[in-house]
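A short worksheet on the structure shown next.
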Amino acid sequence: QASDFYIVEREAPEAAQQALLELICKRIPAKFGFDPLEDVQLLTLMRRGLLGVTALNELLQKSLNKNAKGHGYAIGDKVMQLKNNYEKDVFNGDIGRIVRIKGGEKAALDVDFDGHIVNYPADNLDELTLAYATTIHKSQGSEYPAVVIVLHSQHTIMLQRNLLYTAVTRGKKLVMIVGTKRAISQAIRTDRAPLRQTKFAGRLAHSPAFATHRPDGARTGLDGERQR
């Protein structure tokens with residue numbers, strides 16, 4: 001089934017932030033009937049900055065969870081499992097909701113992963129993170145009824161066609177992009193991630209570990225040049 005597709009242009013990062021909050025918390029639920037926690041996933045390219053995962057999670061936690069206190073986890077929070085845990089039967093990218101928090105010496109919390117309740121003692125909390133917003137990279141392999149995607153010039157280094165494709169194909173029924181047409185155009189034009197410019201190959205070629213001996217007793221590297 002084809003998805004509805006919209007682009008919402010916002011030049012200033014602060015204006016884009018405000019548009020994201022309004023879309024996810026009010027306009028999408030009102031117009032399309034999607035639950036902002038269960039059905040809508042916000043995707044962005046980076047973790048830092050006003051339009052990064054960390055800042056957007058803080059904003060959405062405050063807006064969507066009445067139990068949030070401005071720091072730490074709260075009952076009702078949307079969270080994601082960060083790595084495979086076969087003992088708990090939860091896997092990298094699984095999204096659930098916190099249903100119980102226990103304080104004291106044996107602090108722990110319970111997360112409901114679609115009916116599967118998993119207990120996390122304090123020393124396992126590094127396996128979780130808030131998931132109101134997540135990176136496009138982390139969303140690979142998942143699908144959501146609706147996705148809202150941040151594509152902004154603030155994330156220039158990450159604007160790539162493959163990431164745009166990944167983000168758009170996560171949405172089953174609704175896809176919205178918030179940002180600038182310039183950023184979208186750059187993502188479409190950038191066919192692949194730029195190659196990292198390092199001196200690793202040169203160092204490897206001259207490394208004694210990869211040196212060979214010539215008949216005259218001299219050593220040469222992988223590039224054939226004589227080594228001292």
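In the structure tokens, chains take letters A, B, ... by order of appearance, with residues numbered from 1 within each chain and ligands from 1 in the order shown.
The residue set within 9 Å of segment 101-116 of chain A, counting only C-alpha atoms and dropping same-chain residues fewer than 2 places from it, reads Tyr73, Ala74, Ile75, Val79, Asp89, Val90, Asp94, Ile95, Gly96, Arg97, Ile98, Val99, Val118, Asn119, Tyr120, Pro121, Ala122, Asp123, Asn124 and Leu125 of chain A.
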Take the residues that were just selected and, keeping all heavy atoms, output them as a short mmCIF file (atom, residue, chain, number, x, y, z; two decimals), in the first residue's frame.
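Final file, part-v4.cif:
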data_model
loop_
_atom_site.label_atom_id
_atom_site.label_comp_id
_atom_site.auth_asym_id
_atom_site.auth_seq_id
_atom_site.Cartn_x
_atom_site.Cartn_y
_atom_site.Cartn_z
N TYR A 73 14.64 8.09 33.45
CA TYR A 73 13.48 7.40 32.89
C TYR A 73 12.24 7.62 33.75
O TYR A 73 12.34 7.90 34.95
CB TYR A 73 13.75 5.90 32.79
CG TYR A 73 14.80 5.53 31.76
CD1 TYR A 73 15.95 4.83 32.14
CD2 TYR A 73 14.64 5.86 30.43
CE1 TYR A 73 16.91 4.47 31.21
CE2 TYR A 73 15.59 5.51 29.48
CZ TYR A 73 16.72 4.81 29.88
OH TYR A 73 17.66 4.48 28.96
N ALA A 74 11.08 7.45 33.11
CA ALA A 74 9.80 7.55 33.82
C ALA A 74 8.87 6.46 33.29
O ALA A 74 9.04 5.98 32.17
CB ALA A 74 9.18 8.93 33.62
N ILE A 75 7.90 6.08 34.10
CA ILE A 75 6.90 5.11 33.65
C ILE A 75 6.19 5.67 32.42
O ILE A 75 5.79 6.83 32.39
CB ILE A 75 5.89 4.81 34.77
CG1 ILE A 75 6.58 4.03 35.90
CG2 ILE A 75 4.70 4.02 34.23
CD1 ILE A 75 5.69 3.77 37.10
N VAL A 79 11.29 3.24 24.96
CA VAL A 79 12.71 2.92 25.02
C VAL A 79 13.07 1.88 23.97
O VAL A 79 12.22 1.13 23.48
CB VAL A 79 13.12 2.41 26.42
CG1 VAL A 79 13.01 3.52 27.45
CG2 VAL A 79 12.29 1.20 26.83
N ASP A 89 15.68 -12.49 25.81
CA ASP A 89 14.90 -12.63 24.59
C ASP A 89 14.47 -11.27 24.03
O ASP A 89 13.34 -11.08 23.60
CB ASP A 89 13.67 -13.53 24.82
CG ASP A 89 13.04 -14.00 23.52
OD1 ASP A 89 13.78 -14.12 22.53
OD2 ASP A 89 11.81 -14.23 23.49
N VAL A 90 15.40 -10.31 24.06
CA VAL A 90 15.20 -9.00 23.43
C VAL A 90 16.40 -8.70 22.55
O VAL A 90 17.52 -9.16 22.84
CB VAL A 90 15.00 -7.87 24.46
CG1 VAL A 90 13.63 -7.96 25.10
CG2 VAL A 90 16.09 -7.88 25.51
N ASP A 94 14.71 -3.43 19.27
CA ASP A 94 13.36 -3.66 19.81
C ASP A 94 12.91 -2.44 20.61
O ASP A 94 13.68 -1.87 21.39
CB ASP A 94 13.33 -4.89 20.73
CG ASP A 94 13.40 -6.20 19.97
OD1 ASP A 94 13.34 -6.16 18.73
OD2 ASP A 94 13.50 -7.25 20.62
N ILE A 95 11.65 -2.03 20.43
CA ILE A 95 11.11 -0.86 21.12
C ILE A 95 10.00 -1.29 22.07
O ILE A 95 9.15 -2.11 21.73
CB ILE A 95 10.57 0.17 20.11
CG1 ILE A 95 11.74 0.82 19.36
CG2 ILE A 95 9.75 1.26 20.80
CD1 ILE A 95 11.33 1.82 18.31
N GLY A 96 10.04 -0.76 23.29
CA GLY A 96 9.02 -1.08 24.29
C GLY A 96 8.69 0.14 25.13
O GLY A 96 9.16 1.24 24.88
N ARG A 97 7.86 -0.09 26.15
CA ARG A 97 7.45 0.98 27.06
C ARG A 97 7.74 0.58 28.50
O ARG A 97 7.52 -0.58 28.90
CB ARG A 97 5.94 1.24 26.92
CG ARG A 97 5.50 1.69 25.54
CD ARG A 97 5.68 3.17 25.29
NE ARG A 97 4.83 3.95 26.17
CZ ARG A 97 3.54 4.21 25.91
NH1 ARG A 97 2.98 3.73 24.82
NH2 ARG A 97 2.83 4.95 26.75
N ILE A 98 8.25 1.51 29.28
CA ILE A 98 8.52 1.25 30.69
C ILE A 98 7.20 1.17 31.45
O ILE A 98 6.37 2.09 31.38
CB ILE A 98 9.41 2.35 31.30
CG1 ILE A 98 10.79 2.32 30.64
CG2 ILE A 98 9.55 2.16 32.81
CD1 ILE A 98 11.73 3.42 31.10
N VAL A 99 6.99 0.07 32.18
CA VAL A 99 5.73 -0.12 32.89
C VAL A 99 5.90 -0.13 34.41
O VAL A 99 4.92 -0.03 35.15
CB VAL A 99 5.03 -1.44 32.45
CG1 VAL A 99 4.58 -1.33 31.00
CG2 VAL A 99 5.95 -2.65 32.63
N VAL A 118 10.21 -7.45 30.37
CA VAL A 118 11.62 -7.71 30.65
C VAL A 118 12.07 -6.83 31.81
O VAL A 118 11.81 -5.62 31.82
CB VAL A 118 12.50 -7.42 29.42
CG1 VAL A 118 13.97 -7.68 29.73
CG2 VAL A 118 12.05 -8.27 28.23
N ASN A 119 12.74 -7.46 32.78
CA ASN A 119 13.25 -6.73 33.95
C ASN A 119 14.69 -6.30 33.72
O ASN A 119 15.52 -7.09 33.27
CB ASN A 119 13.16 -7.62 35.20
CG ASN A 119 13.70 -6.92 36.43
OD1 ASN A 119 14.83 -7.14 36.85
ND2 ASN A 119 12.88 -6.04 37.02
N TYR A 120 14.98 -5.04 34.05
CA TYR A 120 16.33 -4.50 33.92
C TYR A 120 16.81 -4.00 35.27
O TYR A 120 16.37 -2.96 35.75
CB TYR A 120 16.35 -3.32 32.94
CG TYR A 120 16.13 -3.71 31.50
CD1 TYR A 120 14.84 -3.87 31.00
CD2 TYR A 120 17.20 -3.90 30.63
CE1 TYR A 120 14.63 -4.21 29.68
CE2 TYR A 120 17.00 -4.24 29.31
CZ TYR A 120 15.71 -4.41 28.83
OH TYR A 120 15.50 -4.74 27.51
N PRO A 121 17.71 -4.74 35.93
CA PRO A 121 18.35 -4.20 37.14
C PRO A 121 19.23 -3.02 36.76
O PRO A 121 19.53 -2.80 35.58
CB PRO A 121 19.16 -5.38 37.67
CG PRO A 121 19.37 -6.27 36.49
CD PRO A 121 18.19 -6.09 35.59
N ALA A 122 19.67 -2.28 37.75
CA ALA A 122 20.41 -1.05 37.49
C ALA A 122 21.65 -1.27 36.62
O ALA A 122 21.97 -0.43 35.78
CB ALA A 122 20.82 -0.41 38.82
N ASP A 123 22.33 -2.41 36.79
CA ASP A 123 23.56 -2.63 36.02
C ASP A 123 23.29 -3.05 34.58
O ASP A 123 24.23 -3.27 33.81
CB ASP A 123 24.46 -3.65 36.71
CG ASP A 123 23.79 -4.99 36.93
OD1 ASP A 123 22.59 -5.11 36.61
OD2 ASP A 123 24.45 -5.90 37.45
N ASN A 124 22.02 -3.17 34.19
CA ASN A 124 21.67 -3.48 32.80
C ASN A 124 21.05 -2.30 32.05
O ASN A 124 20.69 -2.42 30.88
CB ASN A 124 20.68 -4.65 32.73
CG ASN A 124 21.31 -6.00 32.99
OD1 ASN A 124 20.63 -6.94 33.34
ND2 ASN A 124 22.63 -6.11 32.83
N LEU A 125 20.96 -1.15 32.72
CA LEU A 125 20.27 -0.01 32.10
C LEU A 125 21.04 0.56 30.90
O LEU A 125 20.45 1.28 30.09
CB LEU A 125 20.03 1.08 33.14
CG LEU A 125 19.03 0.73 34.24
CD1 LEU A 125 18.81 1.93 35.16
CD2 LEU A 125 17.69 0.28 33.64
#
Test item: residues at most 12 Å from Ile177 of chain A, only C-alpha atoms, excluding those fewer than 5 positions along its chain, as a CSV table (one decimal) with C-alpha atoms, in the first residue's frame:
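Generated file (selection03.csv):
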chain,number,residue,atom,x,y,z
A,4,ASP,CA,1.2,9.4,2.0
A,5,PHE,CA,4.3,11.6,1.6
A,6,TYR,CA,4.8,15.2,2.8
A,7,ILE,CA,7.6,17.7,3.0
A,8,VAL,CA,7.5,20.4,5.7
A,9,GLU,CA,10.1,23.1,5.0
A,10,ARG,CA,11.8,24.8,8.0
A,16,ALA,CA,12.2,22.7,12.6
A,19,ALA,CA,7.4,21.8,13.7
A,20,LEU,CA,8.4,18.3,14.7
A,23,LEU,CA,3.4,17.3,13.9
A,24,ILE,CA,4.0,14.3,16.2
A,41,GLN,CA,8.7,7.2,14.9
A,42,LEU,CA,11.0,10.2,14.6
A,43,LEU,CA,14.2,9.5,12.6
A,44,THR,CA,17.2,11.8,12.4
A,146,ALA,CA,4.3,6.6,10.3
A,147,VAL,CA,7.8,8.1,10.2
A,148,VAL,CA,8.8,11.7,10.6
A,149,ILE,CA,12.3,12.3,9.1
A,150,VAL,CA,14.7,15.2,9.9
A,151,LEU,CA,16.7,16.3,6.8
A,152,HIS,CA,18.4,19.5,7.6
A,164,LEU,CA,17.4,8.9,2.8
A,167,ALA,CA,14.5,6.4,6.2
A,168,VAL,CA,11.7,6.8,3.7
A,171,GLY,CA,7.2,4.2,6.9
A,183,ALA,CA,19.3,19.2,2.4
A,184,ILE,CA,16.9,16.8,0.5
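Distances from A:Met80, A:Leu37, A:Cys25, A:Leu64 to Ala131 of chain A were compared using only C-alpha atoms, and the smallest one belongs to A:Met80.
Of the listed residues (A:Lys172, A:Met46, A:Lys88, A:Pro145), A:Pro145 comes nearest to Pro29 of chain A; the distances count only C-alpha atoms.
The spacing separating atom CA of Glu14 of chain A from atom CA of Thr180 of chain A amounts to 12.9 Å.
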